[in-house]
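A.B. asks: My structure is below; once you've seen it, I'll send some questions.
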Amino acid sequence: GAFGPELIRINEDESWDLIVGAGRLTPDGPRQPLSYFGPGFDSLCAGSFWSMGSSNGWLYVGAYKWSLPMNRGRSGENPDLPHRFHGRLSTDGIAPKFAGGELYRSADGENWIPVTTDGFGNPDNCGICAIEPTPAGLAVGTANPYAPKTAPASKQPARGGFEIWLGERTGG
């Protein structure tokens, strides 16, 4: 999509609806996102939608955010470009503002609610890479390429190369 991932629904009659993404002109007329979210759920750093799953009547979409390598630019772990980019931001850096994978859910496929926009509180969780319903609730897996070598921005001990989150089985 235009500067971020898009979500498109294919209907039974082979027509399509833009759910998340950039509005556009088509041969059938203008299309605007039915969710009112632009590319990547309006996230500046959303790189792709990595996963989808459903549980208890909810559809879930997990996103990868490319901001994670930029977070490491300050510590010298990356080449010069991320280092320069990072220097143009405030001293708080990118992590508190943009890092961490995102997970959204919808009961109708058009109205989306954020579950997490910061990798469940760990900015090194760069994306939601797995969504799986289980008898105990929804299992969500994150990707974290830096652990266990480095700790998250919170200075807590590293929390593994990935995290698995298990939601409670409830009606909503």
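By convention in this document, the chains of the structure tokens carry letters A, B, ... by their order, each chain's residues are numbered from 1, and ligands are numbered from 1 in the order they are shown.
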Identify, on the basis of only C-alpha atoms, every residue whose closest approach to Cys129 of chain A does not exceed 12 Å; exclude the query and any residue fewer than 3 positions from it along the same chain; express the result as a ChimeraX atom specification.
C.D. replies: /A:48-53,60-65,101-103,119,125-126,132,139-144,162-165
A.B. asks: Could you list, as a list in words, every residue within 7 Å of Ile8 of chain A, counting only C-alpha atoms and ignoring same-chain residues fewer than 2 positions away?
C.D. replies: Glu6, Ile10, Trp16, Asp17, Leu18, Ile19 and Val20 of chain A
A.B. asks: Write the residues you've just listed into a file as an mmCIF file, in the first residue's frame, and include all heavy atoms for each of them.
C.D. replies:
data_model
loop_
_atom_site.group_PDB
_atom_site.id
_atom_site.type_symbol
_atom_site.label_atom_id
_atom_site.label_comp_id
_atom_site.auth_asym_id
_atom_site.auth_seq_id
_atom_site.Cartn_x
_atom_site.Cartn_y
_atom_site.Cartn_z
ATOM 1 N N GLU A 6 -1.875 -2.801 3.730
ATOM 2 C CA GLU A 6 -3.305 -2.602 3.541
ATOM 3 C C GLU A 6 -4.040 -3.913 3.771
ATOM 4 O O GLU A 6 -3.481 -4.992 3.601
ATOM 5 C CB GLU A 6 -3.584 -2.094 2.136
ATOM 6 C CG GLU A 6 -2.970 -0.730 1.889
ATOM 7 C CD GLU A 6 -3.326 -0.147 0.541
ATOM 8 O OE1 GLU A 6 -3.280 -0.863 -0.465
ATOM 9 O OE2 GLU A 6 -3.665 1.041 0.515
ATOM 10 N N ILE A 10 -12.118 -9.677 0.140
ATOM 11 C CA ILE A 10 -12.650 -10.191 -1.126
ATOM 12 C C ILE A 10 -14.029 -10.772 -0.829
ATOM 13 O O ILE A 10 -14.175 -11.662 0.008
ATOM 14 C CB ILE A 10 -11.739 -11.283 -1.734
ATOM 15 C CG1 ILE A 10 -10.290 -10.795 -1.855
ATOM 16 C CG2 ILE A 10 -12.304 -11.765 -3.068
ATOM 17 C CD1 ILE A 10 -10.091 -9.635 -2.788
ATOM 18 N N TRP A 16 -14.306 -6.349 -4.205
ATOM 19 C CA TRP A 16 -13.441 -6.174 -3.048
ATOM 20 C C TRP A 16 -13.731 -4.867 -2.327
ATOM 21 O O TRP A 16 -14.254 -3.928 -2.904
ATOM 22 C CB TRP A 16 -11.965 -6.250 -3.437
ATOM 23 C CG TRP A 16 -11.534 -5.198 -4.429
ATOM 24 C CD1 TRP A 16 -11.661 -5.248 -5.786
ATOM 25 C CD2 TRP A 16 -10.933 -3.936 -4.140
ATOM 26 N NE1 TRP A 16 -11.170 -4.098 -6.359
ATOM 27 C CE2 TRP A 16 -10.706 -3.275 -5.360
ATOM 28 C CE3 TRP A 16 -10.560 -3.289 -2.963
ATOM 29 C CZ2 TRP A 16 -10.126 -2.021 -5.446
ATOM 30 C CZ3 TRP A 16 -9.976 -2.038 -3.046
ATOM 31 C CH2 TRP A 16 -9.764 -1.418 -4.282
ATOM 32 N N ASP A 17 -13.400 -4.867 -1.044
ATOM 33 C CA ASP A 17 -13.557 -3.693 -0.207
ATOM 34 C C ASP A 17 -12.199 -3.371 0.410
ATOM 35 O O ASP A 17 -11.478 -4.262 0.866
ATOM 36 C CB ASP A 17 -14.549 -3.952 0.941
ATOM 37 C CG ASP A 17 -15.954 -4.247 0.450
ATOM 38 O OD1 ASP A 17 -16.422 -3.519 -0.447
ATOM 39 O OD2 ASP A 17 -16.569 -5.199 0.962
ATOM 40 N N LEU A 18 -11.863 -2.106 0.439
ATOM 41 C CA LEU A 18 -10.672 -1.641 1.125
ATOM 42 C C LEU A 18 -11.042 -1.478 2.600
ATOM 43 O O LEU A 18 -11.935 -0.713 2.938
ATOM 44 C CB LEU A 18 -10.205 -0.313 0.530
ATOM 45 C CG LEU A 18 -8.966 0.323 1.157
ATOM 46 C CD1 LEU A 18 -7.748 -0.572 0.989
ATOM 47 C CD2 LEU A 18 -8.727 1.694 0.534
ATOM 48 N N ILE A 19 -10.378 -2.222 3.463
ATOM 49 C CA ILE A 19 -10.673 -2.157 4.893
ATOM 50 C C ILE A 19 -9.701 -1.210 5.591
ATOM 51 O O ILE A 19 -10.097 -0.321 6.327
ATOM 52 C CB ILE A 19 -10.620 -3.562 5.536
ATOM 53 C CG1 ILE A 19 -11.585 -4.516 4.825
ATOM 54 C CG2 ILE A 19 -10.898 -3.490 7.027
ATOM 55 C CD1 ILE A 19 -13.040 -4.119 4.881
ATOM 56 N N VAL A 20 -8.392 -1.417 5.377
ATOM 57 C CA VAL A 20 -7.343 -0.572 5.941
ATOM 58 C C VAL A 20 -6.420 -0.195 4.794
ATOM 59 O O VAL A 20 -5.951 -1.077 4.060
ATOM 60 C CB VAL A 20 -6.539 -1.331 7.028
ATOM 61 C CG1 VAL A 20 -5.340 -0.517 7.497
ATOM 62 C CG2 VAL A 20 -7.430 -1.700 8.211
#
A.B. asks: Which polymer residues have any atom within 7 Å of an atom of Gly21 of chain A, counting only C-alpha atoms, with same-chain residues fewer than 5 positions away left out, as a list in words?
C.D. replies: Gly1, Pro5, Glu6, Leu7, Pro33, Phe37, Gly38, Pro39 and Gly40 of chain A
A.B. asks: In Å, rounded to a single decimal, give me how far atom CA of Glu14 of chain A is from atom CA of Ser54 of chain A.
C.D. replies: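 Atom-to-atom, atom CA of Ser54 of chain A to atom CA of Glu14 of chain A, that is 22.4 Å.
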A.B. asks: Nearest residue to Pro145 of chain A out of A:Gly100, A:Phe3, A:Pro30, A:Glu110, using only C-alpha atoms?
C.D. replies: A:Gly100
